[in-house]
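Asks: Here you go, one structure.
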Amino acid sequence: MDIENNIFKKHTADFKKLENYGFKRLKEGFELDKTFKDGLFRASILVNFDGKVSGKVFDLESNDEFLPLRVEHNVGAFIGEIRTEYEKILTDIRENCFTKEYFVLPQSNRIVNLLIEKYGDMPEFLWEKFTGTGVFRNSKTKKWYLAILNVDRSKIEPKQKGLVEVADIKLAPESIQKLLKQKGFYPGYHMNKKYWLTIVLDDTVSDEKIMELIEESYGYSQK
């Protein structure tokens with residue numbers, strides 16, 4: 001049972017926060033030892049320099065690793081209590097030392113964090129079938145001003161393949177026509193191509209330029 005992967009999925013470690021939390025910096029990463037269950041058990045948690053989290057729980061009476069924790073069908077009351085306490089420790093670390101990732105590509109997540117900071121709007125995932133599609137709406141008017149989608153690149157570049165994330169942004173038609181002549185900009189995917197523009201979030205277009213265009217799109221959502 002990969003408890004750590006489940007809890008830290010789509011989260012990125014902030015190494016400075018880890019040290020402030022009490023993690024010790026080692027050659028292989030950052031480590032924290034924490035006793036729990038009235039001092040009967042110890043959790044040893046390692047976050048390596050790639051941000052991957054691993055951990056072990058030790059029974060301090062025998063000083064052996066508590067392996068039943070990892071057996072999924074072990075649902076006894078005592079084992080369940082140990083697992084729950086360990087998960088609480090990991091969750092607290094996640095909430096205090098990690099940043100949530102809503103999407104896959106680094107640029108997608110950078111843009112999301114900038115938007116949360118600027119407008120306070122969170123991405124909404126409205127479709128169970130399309131879990132990689134998130135939309136941003138103006139909190140007052142409820143109008144969309146940005147959608148981030150996970151698509152096959154061939155949908156926007158017929159000769160290319162591979163999954164990418166794209167941003168759909170609403171702009172003035174004359175702005176769209178100018179931008180379409182530049183690298184990284186495409187007609188709106190799954191949107192009205194007269195008013196929507198698509199940008200591949202692979203760093204071809206800078207964060208600054210994308211945020212500038214989103215600000216224009218946000219202006220339309222206020223009307």
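Following the order of the structure tokens, first chain is A, next is B, and so on, with residues numbered from 1 inside each chain and ligands from 1 in the order they appear.
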Using only C-alpha atoms, determine which residues lie at most 7 Å from Ile148 in chain A, disregarding the query and same-chain residues fewer than 3 positions distant; provide the list as number ranges by chain.
Replies: A: 133-135, 165-168
Asks: Do a neighbour search on Tyr86 in chain A at 12 Å with only C-alpha atoms, toss out local chain neighbours closer than 2 positions, and write the hits as a ChimeraX atom specification.
Replies: /A:3-4,7,33-37,41-45,55-58,66,69-70,79-84,88-93
Asks: Which residue, A:Leu40, A:Ile111, A:Leu149, A:Ala172, has the smallest gap to Val205 in chain A when you use only C-alpha atoms?
Replies: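 Result for the nearest residue to Val205 in chain A: A:Ile111.
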Asks: Can you list, as a VMD selection string, every protein, DNA or RNA residue that comes within 12 Å of Val53 in chain A when you count only C-alpha atoms, leaving out same-chain residues fewer than 5 positions away?
Replies: chain A and resid 2 to 9 11 to 13 18 28 to 32 44 to 48 90 to 91 93 to 94 97 to 98
Asks: For the atom pair CA of Lys161 in chain A and CA of Thr131 in chain A, what is the interatomic distance in Å to one decimal place?
Replies: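 It comes out at 20.2 Å.
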Asks: Show me, as a ChimeraX atom specification, the residues that have an atom within 9 Å of Phe185 in chain A when counting only C-alpha atoms, minus same-chain residues fewer than 2 positions from it.
Replies: /A:176,179-183,187,197-200,205
Asks: From a DSSP pass on the backbone, collect the residues of range 51-142 of chain A flagged as strand (DSSP E) and hand them back as a ChimeraX atom specification.
Replies: /A:53-59,64-65,98-100,134-137
Asks: Generate the output file for the selected residues, all heavy atoms, as a compact mmCIF listing (two decimals), in the first residue's frame.
Replies:
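And here's out.txt as it stands now:
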```txt
# COMPACT_ATOMS: atom_id res chain seq x y z
N VAL A 53 8.26 11.41 -1.64
CA VAL A 53 8.14 11.12 -0.21
C VAL A 53 8.10 9.61 0.01
O VAL A 53 7.36 8.88 -0.65
CB VAL A 53 6.85 11.75 0.36
CG1 VAL A 53 6.75 11.47 1.87
CG2 VAL A 53 6.81 13.25 0.09
N SER A 54 8.91 9.16 0.96
CA SER A 54 8.86 7.75 1.39
C SER A 54 8.86 7.75 2.91
O SER A 54 9.22 8.73 3.56
CB SER A 54 10.05 6.96 0.85
OG SER A 54 11.28 7.55 1.28
N GLY A 55 8.43 6.65 3.48
CA GLY A 55 8.37 6.61 4.94
C GLY A 55 8.34 5.20 5.48
O GLY A 55 7.98 4.25 4.78
N LYS A 56 8.71 5.08 6.75
CA LYS A 56 8.63 3.81 7.47
C LYS A 56 8.08 4.08 8.85
O LYS A 56 8.30 5.15 9.43
CB LYS A 56 10.01 3.15 7.58
CG LYS A 56 10.60 2.67 6.26
CD LYS A 56 11.95 1.99 6.46
CE LYS A 56 12.51 1.48 5.13
NZ LYS A 56 13.83 0.82 5.32
N VAL A 57 7.37 3.11 9.38
CA VAL A 57 6.85 3.19 10.74
C VAL A 57 7.47 2.05 11.54
O VAL A 57 7.45 0.89 11.11
CB VAL A 57 5.31 3.10 10.76
CG1 VAL A 57 4.80 2.95 12.20
CG2 VAL A 57 4.70 4.33 10.12
N PHE A 58 8.01 2.38 12.72
CA PHE A 58 8.67 1.39 13.56
C PHE A 58 7.91 1.19 14.86
O PHE A 58 7.43 2.15 15.47
CB PHE A 58 10.11 1.83 13.87
CG PHE A 58 11.00 1.89 12.66
CD1 PHE A 58 11.12 3.07 11.93
CD2 PHE A 58 11.71 0.77 12.25
CE1 PHE A 58 11.93 3.13 10.82
CE2 PHE A 58 12.52 0.83 11.13
CZ PHE A 58 12.65 2.01 10.42
N ASP A 59 7.81 -0.07 15.25
CA ASP A 59 7.29 -0.43 16.57
C ASP A 59 8.45 -0.29 17.55
O ASP A 59 9.43 -1.05 17.47
CB ASP A 59 6.77 -1.87 16.52
CG ASP A 59 6.16 -2.31 17.85
OD1 ASP A 59 6.50 -1.71 18.89
OD2 ASP A 59 5.37 -3.27 17.84
N ASP A 64 11.39 -2.85 15.29
CA ASP A 64 11.25 -3.39 13.94
C ASP A 64 10.25 -2.54 13.16
O ASP A 64 9.36 -1.91 13.73
CB ASP A 64 10.74 -4.84 13.98
CG ASP A 64 11.76 -5.79 14.57
OD1 ASP A 64 12.98 -5.55 14.39
OD2 ASP A 64 11.35 -6.78 15.22
N GLU A 65 10.41 -2.56 11.83
CA GLU A 65 9.44 -1.85 11.01
C GLU A 65 8.06 -2.53 11.14
O GLU A 65 7.95 -3.76 11.14
CB GLU A 65 9.87 -1.84 9.54
CG GLU A 65 8.93 -1.01 8.67
CD GLU A 65 9.38 -0.94 7.22
OE1 GLU A 65 10.48 -1.43 6.90
OE2 GLU A 65 8.60 -0.38 6.40
N PHE A 98 4.01 21.59 1.46
CA PHE A 98 3.85 21.26 0.05
C PHE A 98 2.86 22.21 -0.61
O PHE A 98 1.98 22.76 0.04
CB PHE A 98 3.36 19.82 -0.13
CG PHE A 98 4.43 18.77 0.08
CD1 PHE A 98 4.96 18.55 1.34
CD2 PHE A 98 4.90 18.04 -0.98
CE1 PHE A 98 5.95 17.59 1.55
CE2 PHE A 98 5.89 17.07 -0.79
CZ PHE A 98 6.41 16.85 0.47
N THR A 99 3.04 22.40 -1.91
CA THR A 99 2.13 23.21 -2.71
C THR A 99 1.32 22.28 -3.61
O THR A 99 1.88 21.39 -4.25
CB THR A 99 2.91 24.20 -3.59
OG1 THR A 99 3.70 25.05 -2.75
CG2 THR A 99 1.95 25.07 -4.40
N LYS A 100 0.01 22.50 -3.65
CA LYS A 100 -0.85 21.64 -4.46
C LYS A 100 -0.63 21.92 -5.94
O LYS A 100 -0.52 23.07 -6.35
CB LYS A 100 -2.32 21.86 -4.12
CG LYS A 100 -3.27 20.96 -4.90
CD LYS A 100 -4.68 21.05 -4.40
CE LYS A 100 -5.63 20.20 -5.25
NZ LYS A 100 -5.24 18.78 -5.33
N GLY A 134 -9.80 21.98 -16.32
CA GLY A 134 -10.21 22.89 -15.25
C GLY A 134 -10.55 24.25 -15.82
O GLY A 134 -9.90 24.71 -16.77
N VAL A 135 -11.55 24.90 -15.27
CA VAL A 135 -11.95 26.22 -15.75
C VAL A 135 -11.85 27.24 -14.62
O VAL A 135 -11.98 26.91 -13.44
CB VAL A 135 -13.39 26.21 -16.33
CG1 VAL A 135 -13.50 25.21 -17.46
CG2 VAL A 135 -14.42 25.89 -15.24
N PHE A 136 -11.61 28.47 -15.03
CA PHE A 136 -11.59 29.59 -14.09
C PHE A 136 -12.76 30.52 -14.42
O PHE A 136 -12.94 30.89 -15.58
CB PHE A 136 -10.28 30.36 -14.18
CG PHE A 136 -9.12 29.66 -13.54
CD1 PHE A 136 -8.43 28.67 -14.24
CD2 PHE A 136 -8.72 29.96 -12.26
CE1 PHE A 136 -7.36 28.01 -13.66
CE2 PHE A 136 -7.65 29.30 -11.67
CZ PHE A 136 -6.98 28.33 -12.36
N ARG A 137 -13.52 30.88 -13.38
CA ARG A 137 -14.66 31.77 -13.57
C ARG A 137 -14.51 33.00 -12.69
O ARG A 137 -14.00 32.92 -11.57
CB ARG A 137 -15.97 31.07 -13.24
CG ARG A 137 -16.34 30.00 -14.22
CD ARG A 137 -17.76 29.56 -14.05
NE ARG A 137 -17.92 28.59 -12.98
CZ ARG A 137 -19.04 27.90 -12.77
NH1 ARG A 137 -20.10 28.10 -13.53
NH2 ARG A 137 -19.11 27.03 -11.79
```
Asks: For Ser139 in chain A, which of A:Tyr21, A:Pro123, A:Lys194, A:Thr204 is the closest residue, counting only C-alpha atoms?
Replies: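 So, comparing all the options, the nearest one is A:Pro123.
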Asks: Report, in Å to a single decimal, how far apart CA of Asp50 in chain A and CA of Glu124 in chain A are.
Replies: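 Separating CA of Glu124 in chain A from CA of Asp50 in chain A is a distance of 28.1 Å.
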